[in-house]
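Notes to accompany the following structure.
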Amino acid sequence: MTVRKKDEGVLLVVSGPSGAGKGTICNALRQLHPEIRYSISVTTRPQRVGEVDGVNYFFTTEENFRKMLAEDAFLEYAEVYTNLYGTPRKQVLDMVKDGQTVLLEIDIQGAMQVKKKFPSGIFIYVVPPSLQELSHRLYARDTDTQEVIQARLNKVTDELALAHKYDYIVVNDKLDEAVDKVRAIMVAERCKLSRNQEQINHIFDRYIIKEVL
Ligand code: ADP
Ligand code: 5GP
C-alpha cells in the first residue's frame, strides 16, 4: 500500500482585544467541531478558580518559562499584563503538518509573531461592537481587577490600528453570528485549492485509472 502524502492543515489564529469574546467564540467553535485541535498555552499567570492545569493552560513559573524560551520551545510568546504566555511550537506545527485544523487563541502581539513565522496561517481579528460594550463585558466577566481592566481598555485604540494586518475581521455582536462567521472562514480555508493538492492528485489518479480500465 502506498502511503499518500498529506496536505497541510489550517492554522487558525483568533486574536483581538481582551474581552472581545475570543475565548467564547473558540469554545463554541470547538463544540461544533470536535476535530479542531487546540493549542494549550504555557503561562506564568496564576491559575484562576475553575481552571485546570493542562486543560486551560500549562501553568508554570517564570524561571521555567524563560528556560523554555531559551530552548526555542515557543512559536510565539508575549507578556500580557505582567504575565508571560507562550504557544508550544513543535506541537502546533506537527499538527498542522499532519493536516489538522489547529486553533490558536492568542493576543495581538503573539499573532503578529506567528504571522512572521507562519504566513500561511489564517488570521482572524475579533472586535466588540463598541468600546462601551467591551468595557461592560470585561466588568461582567469579573475575572480581573479594575486596574487590569483599565489597562486592557487603554490598549484598545493601539490594538485596533493593527486590524489591517489580519485576513478577516469578525465583529462579535451577536455571539451566534460571530461563531457562524469564524466557522465559515474555517470551512472555506479548508477547501482552498492550495491546501488540497494531494487530495486532488489522488482523485485524478482514480479517474485516469478508471478510464484506462
Ligand atoms: P476574550 O477571550 O477575548 O478575552 P471572552 O471570551 O472571555 O473574551 O469574553 C469576555 C466576556 O464577554 C465574557 O464574560 C463572555 O461571556 C462575554 N461575551 C462574549 N461574547 C459575547 C457576546 N457576543 N455578547 C455578550 N457577551 C459576550
Ligand atoms: P487570560 O489571562 O485572560 O487567560 O488571557 C489574557 C490574554 O492572553 C488573552 O488576550 C489571551 O488571548 C492571551 N493569550 C493566551 N494564551 C496566549 C499565548 O500563548 N500567547 C499569546 N501571545 N497570548 C496568549
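Numbering starts fresh at 1 for the residues of each chain in the C-alpha cells, the chains themselves are lettered A, B, ... in the order given, and ligands are numbered from 1 as they appear.
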request  = Would you kindly return, as a PyMOL selection string, each protein, DNA or RNA residue with an atom no farther than 12 Å from any atom of Leu84 (chain A), considering only C-alpha atoms and excluding same-chain residues fewer than 4 positions away?
outcome  = chain A and resi 41-46+57-66+68-69+74+76-80+106-107+109-110
Go through chain A and flag each residue having an atom no more than 7 Å from ligand 1; for those, report the closest pair of atoms plus their distance in Å to one decimal, using only C-alpha atoms and all ligand atoms, ordered by chain and rising number, as a Markdown table.
| residue | atom | partner | partner_atom_place_in_ligand_line | distance |
| --- | --- | --- | --- | --- |
| A:Gly16 | CA | ligand 1 | 3 (O) | 6.4 |
| A:Pro17 | CA | ligand 1 | 3 (O) | 6.0 |
| A:Ser18 | CA | ligand 1 | 4 (O) | 3.8 |
| A:Gly19 | CA | ligand 1 | 4 (O) | 3.5 |
| A:Ala20 | CA | ligand 1 | 3 (O) | 4.0 |
| A:Gly21 | CA | ligand 1 | 6 (O) | 3.3 |
| A:Lys22 | CA | ligand 1 | 3 (O) | 3.8 |
| A:Gly23 | CA | ligand 1 | 2 (O) | 3.6 |
| A:Thr24 | CA | ligand 1 | 6 (O) | 3.7 |
| A:Ile25 | CA | ligand 1 | 6 (O) | 6.4 |
| A:Arg137 | CA | ligand 1 | 12 (O) | 4.3 |
| A:Leu138 | CA | ligand 1 | 11 (C) | 5.7 |
| A:Ala140 | CA | ligand 1 | 14 (O) | 5.8 |
| A:Arg141 | CA | ligand 1 | 14 (O) | 3.7 |
| A:Asn172 | CA | ligand 1 | 23 (N) | 5.0 |
| A:Asp173 | CA | ligand 1 | 23 (N) | 4.6 |
| A:Lys174 | CA | ligand 1 | 23 (N) | 4.4 |
| A:Leu175 | CA | ligand 1 | 23 (N) | 3.6 |
request  = Extract, using only C-alpha atoms, all DNA, RNA and protein residues at most 12 Å from Asn154 (chain A), discarding same-chain residues fewer than 5 positions from it, and format them as a list in words.
outcome  =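 Near neighbours after the sequence-gap exclusion: Pro17, Ser18, Tyr81, Leu131, Leu134, Ser135, Glu147, Val148, Ile149, Glu159 and Leu160 of chain A.
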request  = Output as JSON, numbers by chain all residues of region 25-68 of chain A that backbone DSSP marks as helix (DSSP H, G or I).
outcome  = {"A": [25, 26, 27, 28, 29, 30, 31, 32, 62, 63, 64, 65, 66, 67, 68]}
Selection file, all heavy atoms, as a compact mmCIF listing (two decimals), in the first residue's frame:
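Here's the written file again_24.txt:
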# COMPACT_ATOMS: atom_id res chain seq x y z
N ILE A 25 -15.97 32.51 21.58
CA ILE A 25 -16.16 32.07 20.19
C ILE A 25 -15.41 30.75 19.95
O ILE A 25 -15.96 29.80 19.37
CB ILE A 25 -15.70 33.17 19.20
CG1 ILE A 25 -16.64 34.36 19.28
CG2 ILE A 25 -15.62 32.63 17.77
CD1 ILE A 25 -16.17 35.59 18.50
N CYS A 26 -14.17 30.70 20.41
CA CYS A 26 -13.36 29.48 20.17
C CYS A 26 -13.98 28.27 20.87
O CYS A 26 -14.01 27.17 20.31
CB CYS A 26 -11.92 29.69 20.64
SG CYS A 26 -11.01 30.80 19.55
N ASN A 27 -14.49 28.47 22.08
CA ASN A 27 -15.12 27.35 22.78
C ASN A 27 -16.34 26.85 22.02
O ASN A 27 -16.55 25.64 21.86
CB ASN A 27 -15.54 27.75 24.20
CG ASN A 27 -14.34 27.89 25.10
OD1 ASN A 27 -13.27 27.35 24.82
ND2 ASN A 27 -14.49 28.63 26.19
N ALA A 28 -17.15 27.80 21.52
CA ALA A 28 -18.35 27.41 20.77
C ALA A 28 -17.97 26.68 19.49
O ALA A 28 -18.60 25.67 19.12
CB ALA A 28 -19.19 28.66 20.46
N LEU A 29 -16.93 27.15 18.84
CA LEU A 29 -16.48 26.51 17.59
C LEU A 29 -15.98 25.09 17.86
O LEU A 29 -16.24 24.16 17.08
CB LEU A 29 -15.37 27.36 16.96
CG LEU A 29 -14.95 26.98 15.55
CD1 LEU A 29 -16.08 27.23 14.56
CD2 LEU A 29 -13.72 27.79 15.12
N ARG A 30 -15.29 24.93 18.96
CA ARG A 30 -14.75 23.60 19.28
C ARG A 30 -15.87 22.62 19.64
O ARG A 30 -15.76 21.42 19.42
CB ARG A 30 -13.76 23.71 20.43
CG ARG A 30 -12.46 24.36 19.97
CD ARG A 30 -11.60 24.70 21.14
NE ARG A 30 -11.15 23.53 21.85
CZ ARG A 30 -10.74 23.55 23.12
NH1 ARG A 30 -10.77 24.66 23.81
NH2 ARG A 30 -10.31 22.45 23.68
N GLN A 31 -16.96 23.15 20.20
CA GLN A 31 -18.13 22.29 20.49
C GLN A 31 -18.72 21.78 19.18
O GLN A 31 -19.11 20.63 19.05
CB GLN A 31 -19.23 23.09 21.20
CG GLN A 31 -18.85 23.61 22.56
CD GLN A 31 -19.21 22.60 23.64
OE1 GLN A 31 -20.25 21.96 23.54
NE2 GLN A 31 -18.35 22.44 24.61
N LEU A 32 -18.79 22.70 18.19
CA LEU A 32 -19.37 22.33 16.89
C LEU A 32 -18.43 21.43 16.09
O LEU A 32 -18.88 20.63 15.28
CB LEU A 32 -19.65 23.60 16.06
CG LEU A 32 -20.75 24.52 16.55
CD1 LEU A 32 -20.73 25.83 15.78
CD2 LEU A 32 -22.11 23.85 16.40
N GLU A 62 8.03 31.57 36.20
CA GLU A 62 8.73 32.42 35.25
C GLU A 62 10.08 31.81 34.89
O GLU A 62 10.50 31.86 33.72
CB GLU A 62 8.91 33.83 35.83
CG GLU A 62 9.63 34.73 34.85
CD GLU A 62 9.51 36.21 35.13
OE1 GLU A 62 8.70 36.62 35.98
OE2 GLU A 62 10.27 36.96 34.48
N GLU A 63 10.74 31.18 35.87
CA GLU A 63 12.05 30.58 35.63
C GLU A 63 11.95 29.49 34.55
O GLU A 63 12.73 29.44 33.60
CB GLU A 63 12.57 29.99 36.94
CG GLU A 63 13.99 29.52 36.85
CD GLU A 63 14.40 28.71 38.08
OE1 GLU A 63 13.55 28.48 38.97
OE2 GLU A 63 15.57 28.28 38.10
N ASN A 64 10.94 28.64 34.71
CA ASN A 64 10.76 27.56 33.73
C ASN A 64 10.37 28.10 32.35
O ASN A 64 10.83 27.62 31.32
CB ASN A 64 9.73 26.54 34.22
CG ASN A 64 9.75 25.30 33.36
OD1 ASN A 64 10.81 24.74 33.08
ND2 ASN A 64 8.58 24.89 32.89
N PHE A 65 9.52 29.15 32.37
CA PHE A 65 9.10 29.75 31.10
C PHE A 65 10.33 30.28 30.35
O PHE A 65 10.50 30.04 29.15
CB PHE A 65 8.10 30.89 31.36
CG PHE A 65 7.40 31.39 30.13
CD1 PHE A 65 6.11 30.97 29.82
CD2 PHE A 65 8.04 32.27 29.25
CE1 PHE A 65 5.47 31.44 28.68
CE2 PHE A 65 7.40 32.74 28.11
CZ PHE A 65 6.11 32.31 27.82
N ARG A 66 11.18 30.99 31.07
CA ARG A 66 12.38 31.57 30.44
C ARG A 66 13.32 30.47 29.94
O ARG A 66 13.99 30.63 28.92
CB ARG A 66 13.11 32.49 31.41
CG ARG A 66 12.24 33.65 31.88
CD ARG A 66 12.88 35.01 31.64
NE ARG A 66 11.95 36.07 31.99
CZ ARG A 66 11.32 36.86 31.12
NH1 ARG A 66 11.51 36.71 29.83
NH2 ARG A 66 10.48 37.79 31.54
N LYS A 67 13.36 29.34 30.63
CA LYS A 67 14.19 28.21 30.20
C LYS A 67 13.63 27.67 28.87
O LYS A 67 14.39 27.44 27.92
CB LYS A 67 14.14 27.12 31.29
CG LYS A 67 15.11 26.00 31.08
CD LYS A 67 15.20 25.14 32.35
CE LYS A 67 15.70 23.76 32.01
NZ LYS A 67 14.63 22.78 31.80
N MET A 68 12.31 27.54 28.81
CA MET A 68 11.68 27.05 27.57
C MET A 68 11.94 28.03 26.42
O MET A 68 12.19 27.63 25.28
CB MET A 68 10.17 26.87 27.77
CG MET A 68 9.82 25.73 28.70
SD MET A 68 8.04 25.64 28.98
CE MET A 68 7.47 24.90 27.46
key: DSSP-assigned strand (DSSP E or B) members of chain A, reported as number ranges by chain   = A: 10-15, 37-38, 42-43, 53, 57-59, 74-80, 83-88, 101-105, 122-127, 168-171
request  = Could you please determine the separation between CA of Ser120 (chain A) and CA of Glu105 (chain A) in Å, to one decimal place?
outcome  = 16.5 Å
Pick from A:Leu193, A:Ile40, A:Ile108, A:Ile124, whichever lies nearest to Arg89 (chain A) using only C-alpha atoms = A:Ile40
request  = Go through A:Thr87, A:Asn201, A:Thr82, A:Asn56 and flag the residue nearest ligand 2, using only C-alpha atoms and all ligand atoms for the distances.
outcome  =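 Nearest to ligand 2: A:Thr87.
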request  = Provide the atom 5 (O, counted along the ligand's line) of ligand 2 to CA of Gln132 (chain A) distance in Å, to one decimal place.
outcome  =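 Computing it gives 20.0 Å between the two atoms.
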inquiry  = Please list as a ChimeraX atom specification every residue within 9 Å of Ile185 (chain A), counting only C-alpha atoms and excluding residues in the same chain fewer than 4 positions away.
reply    = /A:122,124,168,180-181,189-190
task = Find the spatial neighbours of Lys5 (chain A), counting only C-alpha atoms, within a cut-off of 10 Å - ignore same-chain residues fewer than 4 positions away - and output them as a ChimeraX atom specification.
result = /A:98-99,197-199,202
Could you save those same residues with N, CA, C and O atoms as an mmCIF file, in the first residue's frame?
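This is the output file again_29.cif:
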data_model
loop_
_atom_site.group_PDB
_atom_site.id
_atom_site.type_symbol
_atom_site.label_atom_id
_atom_site.label_comp_id
_atom_site.auth_asym_id
_atom_site.auth_seq_id
_atom_site.Cartn_x
_atom_site.Cartn_y
_atom_site.Cartn_z
ATOM 1 N N ASP A 98 0.424 17.572 9.847
ATOM 2 C CA ASP A 98 -0.335 16.330 9.776
ATOM 3 C C ASP A 98 -1.737 16.530 9.175
ATOM 4 O O ASP A 98 -2.563 15.619 9.144
ATOM 5 N N GLY A 99 -2.027 17.755 8.712
ATOM 6 C CA GLY A 99 -3.304 18.002 8.029
ATOM 7 C C GLY A 99 -4.438 18.441 8.938
ATOM 8 O O GLY A 99 -5.585 18.569 8.499
ATOM 9 N N GLN A 197 -3.932 19.844 -2.696
ATOM 10 C CA GLN A 197 -3.217 19.315 -3.862
ATOM 11 C C GLN A 197 -3.117 17.791 -3.838
ATOM 12 O O GLN A 197 -3.359 17.126 -4.840
ATOM 13 N N GLU A 198 -2.754 17.252 -2.692
ATOM 14 C CA GLU A 198 -2.581 15.796 -2.596
ATOM 15 C C GLU A 198 -3.908 15.083 -2.828
ATOM 16 O O GLU A 198 -3.979 14.077 -3.513
ATOM 17 N N GLN A 199 -4.943 15.647 -2.262
ATOM 18 C CA GLN A 199 -6.270 15.048 -2.415
ATOM 19 C C GLN A 199 -6.709 15.093 -3.882
ATOM 20 O O GLN A 199 -7.244 14.126 -4.419
ATOM 21 N N HIS A 202 -4.890 12.537 -5.898
ATOM 22 C CA HIS A 202 -5.428 11.211 -5.590
ATOM 23 C C HIS A 202 -6.732 10.964 -6.364
ATOM 24 O O HIS A 202 -6.918 9.923 -6.993
#
ask   = So, counting only C-alpha atoms and all ligand atoms, which residue among A:Val55, A:Met112, A:Val96, A:Val10 is closest to ligand 2?
value = A:Met112
key: Nearest residue to ligand 2 from the set A:Phe123, A:Tyr38, A:Tyr85, A:Phe204 (distances using only C-alpha atoms and all ligand atoms)   = A:Tyr85
message = I'd like to know which of A:Arg48, A:His136, A:Lys192, A:Lys115 is closest to ligand 2, using only C-alpha atoms and all ligand atoms.
response =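 Of A:Arg48, A:His136, A:Lys192, A:Lys115, the one nearest ligand 2, counting only C-alpha atoms and all ligand atoms, is A:Arg48.
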